Amino acid sequence: MPTTKKLPSAHLVILAALIIVPAAHGQSATCDRACLAAIMTRYLNAMVAHDPSLLPVAPNARFTEDTVPMKLGEGAWKTVTKLRPYRVDYLDVQQGVAAVHTVMEENGMPILFAARLKVVDRKLTEIETMVVKNRDEGALWGPDNLKEPSAMMRYVPTAAERMPRAQMVELAGRYPAGLKTGSFEKSDVPFAPNAYRFENGVRMAGPGCTFQPPSCENMRTQRIPTLAGLTQRLVAVDEEMGVVLFWMNFGPGSLPGAGGRALVTFEAFKVYGGQVHAAEAVLEGATPNSSSGWD
């Protein structure tokens, strides 16, 4: 009978390395939806624990809070005491981005929180956050209205309703284009009949709106200011849930009051079936002409 020649043990080790290492590397470099959501959960829990060492942070990671560069563990990391149930994740597997709108507490009082986490090889490389603590900071203030994610943001579009990524971004982009020209009709935003807008938990447009009713009930024809200085940046595209998230600076003077402050926002647009169904935003006032730190 023919005999099988055994490889030396050293050769077996090398062969195993050739087979196993690439697979392991591929696995470590990939962060799917479950992975991104888990990292966001770890981040929020670490904040409440006041312990950034609980996170997988890359050596050169950057962190900002309200556009200000900080050391991770500073700012709201020192003061947050609790997470409330309201939380909406925006997960962009293609970009490796996990973003969130949520409500926390600071000494029993609600604060609004938005964040963008960039994940590379399952480690945090970029951490961009916004913390809004009161009406003076946010202009609008209704965090107690945010008990749980809205039915629209929970809705998972069917395969037939989902749209190509580029088309989602183009349709959502008509919204800031409308703000620049002072008309959603001019920019041809395809709002669904019952489309609405929440800002810091306040319903500012759509059925039941509070801003100049009844004219605010129809988002397409709603009277809006002209914000020619608006700038925007794409944050995340959640293709499975049909959401496009922008960071926007509405420009100097967009926030009424002294100082010419500008409104800045992480604003999410629910886009599927060729229509914009909702806009939900966390926003606050910023110094005029200030950079986000990530532009």
# chains A, B, ... in the order shown; residues from 1 in each chain; ligands from 1

$ residues_around --residues "A:Glu240" --least-positions-apart "5" --cutoff "12 Å" --atoms "only C-alpha atoms" --output "count of residues only"
25

$ residues_around --residues "A:Ala195" --least-positions-apart "2" --cutoff "9 Å" --atoms "only C-alpha atoms" --output "PyMOL selection string"
chain A and resi 191-193+197+205-207+217-219+276-279

$ residues_around --residues "A:Gly108" --least-positions-apart "5" --cutoff "10 Å" --atoms "only C-alpha atoms" --output "ChimeraX atom specification"
/A:80-82

$ residues_around --residues "stretch 281-291 of chain A" --least-positions-apart "5" --cutoff "6 Å" --atoms "only C-alpha atoms" --output "PDB file with N, CA, C and O atoms, in the first residue's frame"
ATOM      1  N   GLU A 137     -29.794  76.166  24.996  1.00  0.00           N
ATOM      2  CA  GLU A 137     -28.836  75.578  24.061  1.00  0.00           C
ATOM      3  C   GLU A 137     -29.504  75.112  22.773  1.00  0.00           C
ATOM      4  O   GLU A 137     -28.901  75.198  21.694  1.00  0.00           O
ATOM      5  N   GLY A 138     -30.743  74.610  22.897  1.00  0.00           N
ATOM      6  CA  GLY A 138     -31.366  73.973  21.749  1.00  0.00           C
ATOM      7  C   GLY A 138     -32.476  74.744  21.070  1.00  0.00           C
ATOM      8  O   GLY A 138     -32.995  74.283  20.053  1.00  0.00           O
ATOM      9  N   GLU A 199     -38.063  68.240  15.967  1.00  0.00           N
ATOM     10  CA  GLU A 199     -36.812  68.923  16.312  1.00  0.00           C
ATOM     11  C   GLU A 199     -36.701  68.962  17.828  1.00  0.00           C
ATOM     12  O   GLU A 199     -37.546  69.576  18.499  1.00  0.00           O
ATOM     13  N   ASN A 200     -35.718  68.282  18.367  1.00  0.00           N
ATOM     14  CA  ASN A 200     -35.529  68.191  19.819  1.00  0.00           C
ATOM     15  C   ASN A 200     -36.807  67.731  20.526  1.00  0.00           C
ATOM     16  O   ASN A 200     -37.135  68.177  21.619  1.00  0.00           O
ATOM     17  N   PRO A 252     -24.975  81.649   9.951  1.00  0.00           N
ATOM     18  CA  PRO A 252     -25.093  82.737  10.927  1.00  0.00           C
ATOM     19  C   PRO A 252     -26.476  83.361  10.926  1.00  0.00           C
ATOM     20  O   PRO A 252     -27.079  83.583   9.870  1.00  0.00           O
ATOM     21  N   ARG A 261     -26.151  83.507  16.579  1.00  0.00           N
ATOM     22  CA  ARG A 261     -25.788  82.091  16.623  1.00  0.00           C
ATOM     23  C   ARG A 261     -26.395  81.318  15.457  1.00  0.00           C
ATOM     24  O   ARG A 261     -27.408  81.707  14.894  1.00  0.00           O
ATOM     25  N   ALA A 262     -25.754  80.206  15.131  1.00  0.00           N
ATOM     26  CA  ALA A 262     -26.227  79.339  14.057  1.00  0.00           C
ATOM     27  C   ALA A 262     -26.779  78.049  14.644  1.00  0.00           C
ATOM     28  O   ALA A 262     -26.259  77.526  15.628  1.00  0.00           O
ATOM     29  N   LEU A 263     -27.827  77.550  14.030  1.00  0.00           N
ATOM     30  CA  LEU A 263     -28.340  76.233  14.401  1.00  0.00           C
ATOM     31  C   LEU A 263     -27.508  75.159  13.700  1.00  0.00           C
ATOM     32  O   LEU A 263     -27.252  75.238  12.500  1.00  0.00           O
ATOM     33  N   VAL A 264     -27.085  74.165  14.467  1.00  0.00           N
ATOM     34  CA  VAL A 264     -26.418  72.997  13.888  1.00  0.00           C
ATOM     35  C   VAL A 264     -27.214  71.767  14.298  1.00  0.00           C
ATOM     36  O   VAL A 264     -27.830  71.730  15.367  1.00  0.00           O
ATOM     37  N   THR A 265     -27.199  70.742  13.438  1.00  0.00           N
ATOM     38  CA  THR A 265     -28.074  69.605  13.689  1.00  0.00           C
ATOM     39  C   THR A 265     -27.526  68.319  13.108  1.00  0.00           C
ATOM     40  O   THR A 265     -26.832  68.329  12.090  1.00  0.00           O
ATOM     41  N   PHE A 266     -27.835  67.229  13.789  1.00  0.00           N
ATOM     42  CA  PHE A 266     -27.776  65.895  13.206  1.00  0.00           C
ATOM     43  C   PHE A 266     -29.218  65.563  12.838  1.00  0.00           C
ATOM     44  O   PHE A 266     -30.040  65.282  13.718  1.00  0.00           O
ATOM     45  N   GLU A 267     -29.550  65.609  11.542  1.00  0.00           N
ATOM     46  CA  GLU A 267     -30.932  65.439  11.109  1.00  0.00           C
ATOM     47  C   GLU A 267     -31.074  64.199  10.246  1.00  0.00           C
ATOM     48  O   GLU A 267     -30.353  64.021   9.265  1.00  0.00           O
TER      49      GLU A 267
END

$ select_by_dssp --residues "stretch 83-179 of chain A" --states "strand (DSSP E or B)" --output "number ranges by chain"
A: 83-92, 97-106, 109-120, 123-132

$ select_by_dssp --residues "stretch 39-139 of chain A" --states "helix (DSSP H, G or I)" --output "count of residues only"
22
